[in-house]
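So the structure is just underneath, and the comments pick up after that.
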Amino acid sequence: MDFSKLETLEKQDDIKAAIQRGVVFGGEIWQMNDLGERDVFPIILGQYDEIHNLIHLKTGSLTMVSANNPIFIRLRYRTILFKLELLEFKVFGDHLICTLPTDVKALAMRTTERYVLPFDLDMSLSIKRFARSMKESTPGLEVRMIDVSEHGIGVLISGMNKDFLRPYDHFWIKAIDQRSLGRDIFGTVLYVDPKGAMSKRRDVRVGLSLSAPLSTETFTRLKNKCRIILSA
């Protein structure tokens, strides 16, 4: 992740709104240990307590957290990033509690509208992920499109393929609704919703960020199919 793209959230209301939405998408906690190495703890469950103004984060284990070093938290949603000093958090086994931070960085909100595609149209996206290692072979996959903006696409991936895309993976989009594009579009996985969007099938919602905008023809065609428009 290029942290130079992050901006400082100046207003407390903006911080609260970003974290309230962001904790549900998970992320990670990290801390430098006494050997100068970084220990990383994935966040598997998050909640914001608005009444007491507290953030609750649950991980696989926080038993290695030192009382002598600060903690850094990165949430997948908008790549929210903030630091907690020693007196700003408490650890109870695999549970961490902290107050709302005042110094927070995050990706800027979208400035364009997002168009929700009707689910019954079953529109697909043909995607080819970059290999994560030299030994890995990555076939393409057809995923269901659920919304689109000029520089981003929301998709659903079936539960059996939920590990096909992970946060910060890179990919090429080869076709939209089985129509070949004039050029492949490069992109990055912005977030993966671990809860699943469909309770029975355990489909997983994934947000894709595109390095270049969709062509005017393609974007207009998709917009004309939508029934709901969401703000940034």
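Labels used: A, B, ... for chains in the order of the structure tokens, numbers from 1 for residues in each chain, and numbers from 1 for ligands as shown.
Within segment 6-124 of chain A, the backbone-based DSSP assignment of alpha helix (DSSP H) covers Gln12, Asp13, Asp14, Ile15, Lys16, Ala17, Ala18, Ile19, Gln20, Arg21 and Gly22 of chain A.
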For the selection you just gave me, I'd like the residues written to a file as a JSON list (two decimals), in the first residue's frame, keeping N, CA, C and O atoms.
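As a result, result.json now contains:
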[["chain", "number", "residue", "atom", "x", "y", "z"],
["A", 12, "GLN", "N", -13.41, 15.45, 14.03],
["A", 12, "GLN", "CA", -13.74, 14.31, 14.89],
["A", 12, "GLN", "C", -14.94, 13.53, 14.36],
["A", 12, "GLN", "O", -14.98, 12.30, 14.45],
["A", 13, "ASP", "N", -15.90, 14.23, 13.78],
["A", 13, "ASP", "CA", -17.07, 13.54, 13.20],
["A", 13, "ASP", "C", -16.66, 12.66, 12.03],
["A", 13, "ASP", "O", -17.23, 11.57, 11.84],
["A", 14, "ASP", "N", -15.68, 13.11, 11.23],
["A", 14, "ASP", "CA", -15.21, 12.31, 10.10],
["A", 14, "ASP", "C", -14.48, 11.06, 10.60],
["A", 14, "ASP", "O", -14.61, 9.98, 10.02],
["A", 15, "ILE", "N", -13.70, 11.23, 11.67],
["A", 15, "ILE", "CA", -12.99, 10.08, 12.26],
["A", 15, "ILE", "C", -13.99, 9.06, 12.79],
["A", 15, "ILE", "O", -13.87, 7.86, 12.54],
["A", 16, "LYS", "N", -14.99, 9.55, 13.51],
["A", 16, "LYS", "CA", -15.98, 8.65, 14.09],
["A", 16, "LYS", "C", -16.74, 7.90, 12.99],
["A", 16, "LYS", "O", -16.93, 6.68, 13.08],
["A", 17, "ALA", "N", -17.15, 8.60, 11.93],
["A", 17, "ALA", "CA", -17.91, 7.96, 10.85],
["A", 17, "ALA", "C", -17.06, 6.92, 10.13],
["A", 17, "ALA", "O", -17.55, 5.83, 9.80],
["A", 18, "ALA", "N", -15.79, 7.24, 9.89],
["A", 18, "ALA", "CA", -14.91, 6.31, 9.18],
["A", 18, "ALA", "C", -14.66, 5.04, 9.99],
["A", 18, "ALA", "O", -14.74, 3.93, 9.47],
["A", 19, "ILE", "N", -14.38, 5.20, 11.27],
["A", 19, "ILE", "CA", -14.08, 4.03, 12.11],
["A", 19, "ILE", "C", -15.34, 3.22, 12.39],
["A", 19, "ILE", "O", -15.31, 1.98, 12.40],
["A", 20, "GLN", "N", -16.47, 3.88, 12.57],
["A", 20, "GLN", "CA", -17.73, 3.17, 12.82],
["A", 20, "GLN", "C", -18.05, 2.23, 11.66],
["A", 20, "GLN", "O", -18.51, 1.10, 11.87],
["A", 21, "ARG", "N", -17.77, 2.66, 10.45],
["A", 21, "ARG", "CA", -18.01, 1.80, 9.29],
["A", 21, "ARG", "C", -16.84, 0.84, 9.07],
["A", 21, "ARG", "O", -17.03, -0.31, 8.69],
["A", 22, "GLY", "N", -15.62, 1.30, 9.35],
["A", 22, "GLY", "CA", -14.45, 0.53, 9.01],
["A", 22, "GLY", "C", -14.19, -0.69, 9.86],
["A", 22, "GLY", "O", -13.62, -1.68, 9.37]]
Tell me, which residues of segment 148-199 of chain A carry DSSP strand (DSSP E or B), written as a PyMOL selection string?
chain A and resi 148-149+152-157+170-176+179-192+198
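Nearest-residue note for Ser215 of chain A: choosing from A:Cys98, A:Met145, A:Val155, A:Ile185, the minimum distance belongs to A:Ile185, counting only C-alpha atoms.
The nearest approach to Thr79 of chain A among the residues A:Leu6, A:Leu165, A:Leu45, A:Leu181, with only C-alpha atoms taken into account, belongs to A:Leu6.
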Which residues of segment 206-225 of chain A come within 9 Å of segment 112-129 of chain A, and for each one, what is the closest pair of atoms and their distance in Å to one decimal, counting only C-alpha atoms, sorted by chain and residue number, as JSON lines?
{"residue": "A:Leu222", "atom": "CA", "partner": "A:Leu117", "partner_atom": "CA", "distance": 7.7}
{"residue": "A:Lys223", "atom": "CA", "partner": "A:Tyr115", "partner_atom": "CA", "distance": 6.3}
{"residue": "A:Lys225", "atom": "CA", "partner": "A:Leu117", "partner_atom": "CA", "distance": 6.5}
Could you please take those selected residues and save C-alpha atoms as a JSON list (two decimals), in the first residue's frame?
[["chain", "number", "residue", "atom", "x", "y", "z"],
["A", 222, "LEU", "CA", -23.73, -0.12, -16.77],
["A", 223, "LYS", "CA", -25.29, 3.08, -15.40],
["A", 225, "LYS", "CA", -28.95, -0.81, -16.03]]
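Counting only C-alpha atoms, Leu100 of chain A has the following residues at most 7 Å away, ignoring those fewer than 2 positions along the same chain: Asn53, Leu54, Ile55, Cys98 and Thr102 of chain A.
Each of A:Lys105, A:His170, A:Arg205, A:Lys58 was checked against Val91 of chain A using only C-alpha atoms; the smallest atom-to-atom distance is that of A:Lys58.
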For segment 105-205 of chain A versus segment 64-76 of chain A, which residues have an atom no more than 8 Å away, and what is each residue's nearest atom pair and distance in Å rounded to one decimal, using only C-alpha atoms, chain-then-number order, as a Markdown table?
| residue | atom | partner | partner_atom | distance |
| --- | --- | --- | --- | --- |
| A:Pro167 | CA | A:Arg76 | CA | 7.3 |
| A:Leu190 | CA | A:Arg76 | CA | 7.2 |
| A:Tyr191 | CA | A:Arg76 | CA | 5.4 |
| A:Val192 | CA | A:Arg76 | CA | 7.6 |
Selection file, N, CA and C atoms, as a short mmCIF file (atom, residue, chain, number, x, y, z; two decimals), in the first residue's frame:
data_model
loop_
_atom_site.label_atom_id
_atom_site.label_comp_id
_atom_site.auth_asym_id
_atom_site.auth_seq_id
_atom_site.Cartn_x
_atom_site.Cartn_y
_atom_site.Cartn_z
N PRO A 167 -7.14 -8.60 0.40
CA PRO A 167 -6.79 -7.17 0.38
C PRO A 167 -5.40 -6.94 -0.21
N LEU A 190 -9.36 -3.43 -2.72
CA LEU A 190 -9.38 -2.40 -1.69
C LEU A 190 -9.79 -2.98 -0.34
N TYR A 191 -10.81 -3.83 -0.33
CA TYR A 191 -11.24 -4.46 0.93
C TYR A 191 -11.97 -5.76 0.64
N VAL A 192 -12.02 -6.61 1.65
CA VAL A 192 -12.81 -7.85 1.61
C VAL A 192 -13.65 -7.88 2.86
#
